[in-house]
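Novice: To be precise about what I am sending: the file is called data-v6.tsv and holds TSV, C-alpha atoms and all ligand atoms.
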```tsv
chain	number	residue	atom	x	y	z
X	1	MET	CA	-7.78	11.22	17.06
X	2	ASN	CA	-7.29	14.00	19.60
X	3	GLU	CA	-10.67	15.59	19.03
X	4	THR	CA	-12.70	16.33	22.11
X	5	PRO	CA	-15.37	13.66	22.40
X	6	HIS	CA	-18.23	16.11	22.34
X	7	GLU	CA	-21.51	14.50	21.26
X	8	ARG	CA	-19.75	12.14	18.94
X	9	PHE	CA	-20.89	8.72	17.84
X	10	VAL	CA	-18.91	5.99	19.60
X	11	MET	CA	-18.72	2.22	19.61
X	12	PRO	CA	-18.39	-0.13	22.57
X	13	GLY	CA	-14.73	-0.37	23.54
X	14	GLU	CA	-13.81	2.94	21.93
X	15	LEU	CA	-11.26	4.96	23.89
X	16	LEU	CA	-12.81	8.20	25.15
X	17	GLY	CA	-9.91	9.59	27.13
X	18	THR	CA	-7.91	9.10	30.26
X	19	ALA	CA	-9.26	8.89	33.77
X	20	GLU	CA	-7.28	12.05	34.52
X	21	GLU	CA	-9.25	13.94	31.87
X	22	TYR	CA	-12.69	12.54	32.64
X	23	VAL	CA	-14.71	11.01	35.39
X	24	PRO	CA	-16.26	7.88	33.87
X	25	GLY	CA	-20.05	8.28	33.82
X	26	HIS	CA	-23.02	6.24	32.67
X	27	GLY	CA	-22.32	4.06	29.64
X	28	THR	CA	-18.55	4.08	30.13
X	29	TYR	CA	-16.00	2.01	31.97
X	30	GLU	CA	-12.49	2.55	33.20
X	31	ASP	CA	-9.64	0.15	32.55
X	32	SER	CA	-6.01	0.84	33.49
X	33	GLY	CA	-6.55	4.59	33.74
X	34	ARG	CA	-8.40	4.90	30.45
X	35	VAL	CA	-12.09	5.52	29.92
X	36	TYR	CA	-13.91	3.52	27.24
X	37	ALA	CA	-17.44	3.51	25.84
X	38	ALA	CA	-19.53	0.60	27.10
X	39	LEU	CA	-22.39	1.24	24.69
X	40	LEU	CA	-23.05	2.21	21.13
X	41	GLY	CA	-24.26	5.77	21.35
X	42	ARG	CA	-23.29	9.39	21.65
X	43	ALA	CA	-20.51	10.46	23.96
X	44	LYS	CA	-21.29	13.57	25.99
X	45	VAL	CA	-18.92	15.63	28.07
X	46	ASP	CA	-20.10	17.50	31.12
X	47	ALA	CA	-17.42	20.19	31.25
X	48	THR	CA	-18.24	21.36	34.77
X	49	ALA	CA	-18.12	17.92	36.32
X	50	ARG	CA	-15.38	16.77	33.91
X	51	ALA	CA	-17.53	13.69	33.43
X	52	ILE	CA	-18.01	11.75	30.23
X	53	SER	CA	-20.98	9.53	29.54
X	54	VAL	CA	-22.43	7.63	26.62
X	55	GLU	CA	-26.11	7.91	25.86
X	56	ALA	CA	-27.50	4.86	24.09
X	57	ILE	CA	-29.25	5.51	20.83
X	58	HIS	CA	-32.92	4.58	20.87
X	59	GLY	CA	-33.77	1.09	19.82
X	60	ILE	CA	-35.13	0.01	16.49
X	61	PRO	CA	-38.27	-2.15	16.48
X	62	ARG	CA	-36.69	-5.16	14.82
X	63	ILE	CA	-33.99	-6.31	12.49
X	64	GLY	CA	-35.30	-7.35	9.10
X	65	GLU	CA	-34.02	-8.95	5.93
X	66	GLY	CA	-31.91	-6.59	3.83
X	67	ASP	CA	-31.01	-4.28	6.73
X	68	LEU	CA	-27.45	-3.05	7.09
X	69	VAL	CA	-26.22	-3.50	10.63
X	70	TYR	CA	-23.18	-3.00	12.78
X	71	ALA	CA	-22.29	-6.14	14.70
X	72	ARG	CA	-19.53	-7.18	17.06
X	73	VAL	CA	-17.71	-10.47	16.48
X	74	ASP	CA	-17.85	-12.41	19.75
X	75	GLU	CA	-16.57	-15.86	18.91
X	76	LEU	CA	-15.19	-17.79	15.96
X	77	LYS	CA	-16.31	-21.35	15.38
X	78	SER	CA	-15.23	-23.58	12.49
X	79	GLN	CA	-18.26	-22.70	10.36
X	80	MET	CA	-19.68	-19.59	12.01
X	81	ALA	CA	-18.61	-16.22	13.31
X	82	ILE	CA	-20.95	-15.55	16.22
X	83	CYS	CA	-21.82	-11.85	16.33
X	84	THR	CA	-23.98	-9.55	18.40
X	85	ILE	CA	-25.95	-7.01	16.41
X	86	LEU	CA	-25.34	-3.57	17.89
X	87	ALA	CA	-27.21	-1.17	15.67
X	88	SER	CA	-28.86	-0.46	12.37
X	89	ALA	CA	-26.30	1.15	10.06
X	90	ALA	CA	-29.04	3.10	8.31
X	91	THR	CA	-30.30	4.89	11.40
X	92	ASN	CA	-27.55	4.15	13.95
X	93	ARG	CA	-30.27	3.10	16.32
X	94	SER	CA	-29.22	0.35	18.64
X	95	ALA	CA	-30.70	-3.10	18.29
X	96	PRO	CA	-32.90	-4.01	21.29
X	97	GLY	CA	-31.92	-7.10	23.20
X	98	ALA	CA	-28.56	-7.30	21.39
X	99	PRO	CA	-29.67	-10.11	19.06
X	100	GLU	CA	-27.19	-12.70	17.91
X	101	GLY	CA	-26.41	-12.76	14.20
X	102	PRO	CA	-24.04	-15.41	12.95
X	103	ILE	CA	-22.04	-15.14	9.73
X	104	HIS	CA	-21.62	-18.51	8.04
X	105	ILE	CA	-18.14	-19.19	6.63
X	106	SER	CA	-19.58	-19.23	3.09
X	107	LYS	CA	-20.95	-15.69	3.61
X	108	ALA	CA	-17.84	-14.12	5.13
X	109	LYS	CA	-16.40	-13.01	1.80
X	110	ASP	CA	-16.69	-13.55	-1.94
X	111	GLY	CA	-14.88	-16.77	-2.70
X	112	TYR	CA	-13.58	-19.58	-0.58
X	113	THR	CA	-12.05	-19.13	2.83
X	114	ASP	CA	-10.26	-21.83	4.82
X	115	SER	CA	-10.80	-20.41	8.23
X	116	LEU	CA	-12.87	-17.64	9.75
X	117	ALA	CA	-9.81	-16.75	11.81
X	118	ASP	CA	-8.29	-15.43	8.53
X	119	GLU	CA	-11.20	-13.02	8.15
X	120	PHE	CA	-12.26	-11.88	11.62
X	121	ALA	CA	-11.10	-11.65	15.21
X	122	PRO	CA	-13.22	-11.45	18.35
X	123	GLY	CA	-13.99	-7.83	19.17
X	124	ASP	CA	-14.05	-6.67	15.54
X	125	ILE	CA	-16.94	-4.45	14.50
X	126	VAL	CA	-18.39	-5.47	11.16
X	127	LEU	CA	-20.78	-3.81	8.77
X	128	ALA	CA	-23.06	-6.65	7.64
X	129	ARG	CA	-26.29	-7.19	5.77
X	130	VAL	CA	-29.14	-9.27	7.14
X	131	LEU	CA	-29.74	-12.25	4.83
X	132	GLN	CA	-32.55	-13.63	6.93
X	133	GLY	CA	-34.44	-12.00	9.78
X	134	HIS	CA	-36.66	-14.91	10.79
X	135	PRO	CA	-36.77	-17.33	12.56
X	136	SER	CA	-33.11	-16.68	13.30
X	137	ILE	CA	-30.94	-13.86	12.02
X	138	LYS	CA	-28.24	-14.64	9.46
X	139	LEU	CA	-25.68	-12.10	8.29
X	140	THR	CA	-23.38	-11.70	5.30
X	141	THR	CA	-20.21	-9.66	4.90
X	142	ALA	CA	-19.39	-10.95	1.39
X	143	PRO	CA	-19.81	-7.77	-0.73
X	144	ALA	CA	-16.84	-5.36	-0.94
X	145	GLU	CA	-18.55	-2.62	1.05
X	146	LEU	CA	-19.22	-5.04	3.91
X	147	GLY	CA	-16.86	-6.56	6.46
X	148	VAL	CA	-14.74	-5.30	9.32
X	149	VAL	CA	-14.94	-1.53	9.86
X	150	ALA	CA	-13.07	-1.35	13.18
X	151	ALA	CA	-10.56	-3.77	14.70
X	152	ARG	CA	-7.98	-3.88	17.45
X	153	CYS	CA	-4.47	-5.30	17.44
X	154	GLN	CA	-4.41	-8.88	18.73
X	155	SER	CA	-1.10	-8.21	20.50
X	156	CYS	CA	-1.53	-4.84	22.19
X	157	HIS	CA	-5.24	-4.00	21.74
X	158	ALA	CA	-4.59	-0.65	20.02
X	159	PRO	CA	-6.96	0.24	17.15
X	160	LEU	CA	-5.73	-0.93	13.74
X	161	THR	CA	-5.33	1.59	10.93
X	162	LEU	CA	-5.79	0.75	7.28
X	163	GLY	CA	-2.44	1.03	5.47
X	164	SER	CA	-1.11	-0.13	2.12
X	165	LYS	CA	-0.04	-3.54	3.49
X	166	GLY	CA	-3.21	-4.21	5.40
X	167	LEU	CA	-4.36	-3.29	8.86
X	168	VAL	CA	-1.45	-1.82	10.77
X	169	CYS	CA	-1.02	-1.31	14.50
X	170	LEU	CA	0.59	2.10	14.94
X	171	ARG	CA	1.58	1.20	18.50
X	172	CYS	CA	3.44	-2.11	18.08
X	173	GLY	CA	3.82	-2.37	14.30
X	174	ALA	CA	1.84	-5.60	13.90
X	175	ILE	CA	0.14	-6.13	10.55
X	176	GLU	CA	-3.11	-8.07	10.61
X	177	ARG	CA	-5.49	-9.38	8.03
X	178	ARG	CA	-9.26	-9.18	7.98
X	179	LYS	CA	-12.13	-9.37	5.55
X	180	GLN	CA	-12.41	-5.64	5.85
X	181	SER	CA	-15.03	-3.39	4.40
X	182	ARG	CA	-13.76	-0.96	1.79
X	183	GLU	CA	-15.13	1.60	4.23
X	184	TYR	CA	-12.82	0.44	7.04
X	185	GLY	CA	-12.54	3.16	9.66
X	186	VAL	CA	-15.66	5.00	8.49
X	187	LEU	CA	-18.61	5.17	10.82
X	188	ARG	CA	-21.50	7.25	9.73
X	189	ALA	CA	-23.81	8.74	12.27
X	190	GLY	CA	-27.40	9.34	11.33
X	191	GLU	CA	-26.93	8.89	7.61
X	192	ASN	CA	-29.53	6.93	5.73
X	193	ARG	CA	-27.03	4.95	3.74
X	194	GLY	CA	-29.58	2.43	2.50
X	195	GLN	CA	-31.24	4.98	0.26
X	196	ASP	CA	-28.53	7.25	-1.00
X	197	ARG	CA	-25.84	4.81	-1.99
X	198	PRO	CA	-25.61	1.73	-4.15
X	199	THR	CA	-25.32	-1.31	-1.94
X	200	GLN	CA	-24.17	-4.06	-4.31
W	1	ZN	ZN	-0.33	-3.64	18.46
```
As structure tokens - that is how I would like this structure written.
Specialist:
Amino acid sequence: MNETPHERFVMPGELLGTAEEYVPGHGTYEDSGRVYAALLGRAKVDATARAISVEAIHGIPRIGEGDLVYARVDELKSQMAICTILASAATNRSAPGAPEGPIHISKAKDGYTDSLADEFAPGDIVLARVLQGHPSIKLTTAPAELGVVAARCQSCHAPLTLGSKGLVCLRCGAIERRKQSREYGVLRAGENRGQDRPTQ
């Protein structure tokens, strides 16, 4: 976690460093003395200026059925998790226009769920598959490899780490539950995962 953020792939909201270490540049924002990524892209450090910036990854033409995408959970309704699609997971190219992609409660996981609040929280990043691309996008996170890949503690906002009891906050000790992907914590940059791995 202490690696220098040099040309690494980052997600919106990811901590890049402190405002003492870096001057927040394009594609970043500062909050309470910490610098975070505002975009999905590659973090770059300008050592001379001590500035950090995030360069957005070039957009993909469109999101289509069957695509694997990274999406951010924005809001939970009784039947739908409303998400914004951030990028294609196959190419890590960002999705133009940040399209909305809801996950219906029946597609959140395999089997029945009472409440989407048991599976997701606003701000979570999910790996999802596009069930339908037109006329509106619909996503699923039901298969084991899909679901939440990055989440923050609801109490203190620190990133949650996958432990034996679930998702653990190393800062305040809270344990939270999500419909997490079996690849929780793994983000792959530039890997064409659609072609070199089984997806079901
Ligand atoms: Zn916490």
Novice: Set the distance at 7 Å and use only C-alpha atoms: which residues neighbour X:Ala81 once local chain neighbours fewer than 5 positions away are removed? I'd like the list as a list in words.
Specialist: Val73, Glu75, Leu76, Pro102, Ile103, His104 and Leu116 of chain X
Novice: Using only C-alpha atoms and all ligand atoms for the distances, tell me which of X:Ile175, X:Leu39, X:Cys156, X:Ala117 is nearest to ligand ZN 1 (chain W).
Specialist: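 Of the candidates, the smallest distance to ligand ZN 1 (chain W) is held by X:Cys156.
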Novice: Nearest to ligand ZN 1 (chain W) among X:Leu162, X:Gln180, X:Gly147, X:Cys153, with distances taken over all atoms listed in the file: which residue is it?
Specialist: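 Nearest candidate to ligand ZN 1 (chain W) out of X:Leu162, X:Gln180, X:Gly147, X:Cys153: X:Cys153.
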Novice: Show which residues sit within 12 Å of stretch 83-86 of chain X, as a compact mmCIF listing (two decimals) with C-alpha atoms, in the frame of the given file. Count only C-alpha atoms, and ignore same-chain residues fewer than 3 positions away.
Specialist:
```txt
# COMPACT_ATOMS: atom_id res chain seq x y z
CA VAL X 10 -18.91 5.99 19.60
CA MET X 11 -18.72 2.22 19.61
CA PRO X 12 -18.39 -0.13 22.57
CA ALA X 38 -19.53 0.60 27.10
CA LEU X 39 -22.39 1.24 24.69
CA LEU X 40 -23.05 2.21 21.13
CA GLY X 41 -24.26 5.77 21.35
CA ALA X 56 -27.50 4.86 24.09
CA ILE X 57 -29.25 5.51 20.83
CA HIS X 58 -32.92 4.58 20.87
CA GLY X 59 -33.77 1.09 19.82
CA ILE X 60 -35.13 0.01 16.49
CA ARG X 62 -36.69 -5.16 14.82
CA ILE X 63 -33.99 -6.31 12.49
CA GLY X 64 -35.30 -7.35 9.10
CA ASP X 67 -31.01 -4.28 6.73
CA LEU X 68 -27.45 -3.05 7.09
CA VAL X 69 -26.22 -3.50 10.63
CA TYR X 70 -23.18 -3.00 12.78
CA ALA X 71 -22.29 -6.14 14.70
CA ARG X 72 -19.53 -7.18 17.06
CA VAL X 73 -17.71 -10.47 16.48
CA ASP X 74 -17.85 -12.41 19.75
CA GLU X 75 -16.57 -15.86 18.91
CA LEU X 76 -15.19 -17.79 15.96
CA LYS X 77 -16.31 -21.35 15.38
CA MET X 80 -19.68 -19.59 12.01
CA ALA X 89 -26.30 1.15 10.06
CA THR X 91 -30.30 4.89 11.40
CA ASN X 92 -27.55 4.15 13.95
CA ARG X 93 -30.27 3.10 16.32
CA SER X 94 -29.22 0.35 18.64
CA ALA X 95 -30.70 -3.10 18.29
CA PRO X 96 -32.90 -4.01 21.29
CA GLY X 97 -31.92 -7.10 23.20
CA ALA X 98 -28.56 -7.30 21.39
CA PRO X 99 -29.67 -10.11 19.06
CA GLU X 100 -27.19 -12.70 17.91
CA GLY X 101 -26.41 -12.76 14.20
CA PRO X 102 -24.04 -15.41 12.95
CA ILE X 103 -22.04 -15.14 9.73
CA HIS X 104 -21.62 -18.51 8.04
CA PHE X 120 -12.26 -11.88 11.62
CA ALA X 121 -11.10 -11.65 15.21
CA PRO X 122 -13.22 -11.45 18.35
CA GLY X 123 -13.99 -7.83 19.17
CA ASP X 124 -14.05 -6.67 15.54
CA ILE X 125 -16.94 -4.45 14.50
CA VAL X 126 -18.39 -5.47 11.16
CA LEU X 127 -20.78 -3.81 8.77
CA ALA X 128 -23.06 -6.65 7.64
CA ARG X 129 -26.29 -7.19 5.77
CA VAL X 130 -29.14 -9.27 7.14
CA GLY X 133 -34.44 -12.00 9.78
CA ILE X 137 -30.94 -13.86 12.02
CA LYS X 138 -28.24 -14.64 9.46
CA LEU X 139 -25.68 -12.10 8.29
CA THR X 140 -23.38 -11.70 5.30
CA THR X 141 -20.21 -9.66 4.90
CA VAL X 148 -14.74 -5.30 9.32
```
Novice: List all protein, DNA and RNA residues that have any atom at most 9 Å from ligand ZN 1 (chain W), counting only C-alpha atoms and all ligand atoms, and write the list as a PyMOL selection string.
Specialist: chain X and resi 152-160+168-175
Novice: Which distance in Å separates atom CA of X:Arg182 and atom CA of X:Leu146, to one decimal?
Specialist: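 Between these atoms lies a distance of 7.1 Å.
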Novice: Rounded to one decimal place, report the atom CA of X:Glu21-atom CA of X:Glu55 distance in Å.
Specialist: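 Distance reported for this atom pair: 18.9 Å.
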Novice: Rank nothing, just name the residue among X:Phe9, X:Ser136, X:Asp110, X:Ala43 nearest to X:Ala87, using all atoms listed in the file.
Specialist: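 Of X:Phe9, X:Ser136, X:Asp110, X:Ala43, the one nearest X:Ala87, counting all atoms listed in the file, is X:Phe9.
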Novice: What is the atom CA of X:Gly66 to atom CA of X:Leu131 distance in Å?
Specialist: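 Result for atom CA of X:Gly66 versus atom CA of X:Leu131: 6.1 Å, one decimal.
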Novice: Rank X:Gln79, X:Ser53, X:Thr48, X:Thr28 by their smallest atom-to-atom distance to X:Ala108, using all atoms listed in the file, and report the top residue only.
Specialist: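 When distances to X:Ala108 are compared using all atoms listed in the file, the smallest one comes from X:Gln79.
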Novice: Applying 12 Å and only C-alpha atoms, which residues near X:Ala49 remain after dropping the ones on its own chain fewer than 6 positions away? List them as a PyMOL selection string.
Specialist: chain X and resi 21-25
Novice: Smallest atom-to-atom distance to X:Gly185: which of X:Gly163, X:Ala150, X:Arg42, X:Asp118, using only C-alpha atoms?
Specialist: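 Among X:Gly163, X:Ala150, X:Arg42, X:Asp118, it is X:Ala150 that comes nearest to X:Gly185.
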Novice: Quick one: of X:Leu167, X:Ala47, X:Leu15, X:Ala142, who's nearest to X:Ser106, counting only C-alpha atoms?
Specialist: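 Of X:Leu167, X:Ala47, X:Leu15, X:Ala142, the one nearest X:Ser106, counting only C-alpha atoms, is X:Ala142.
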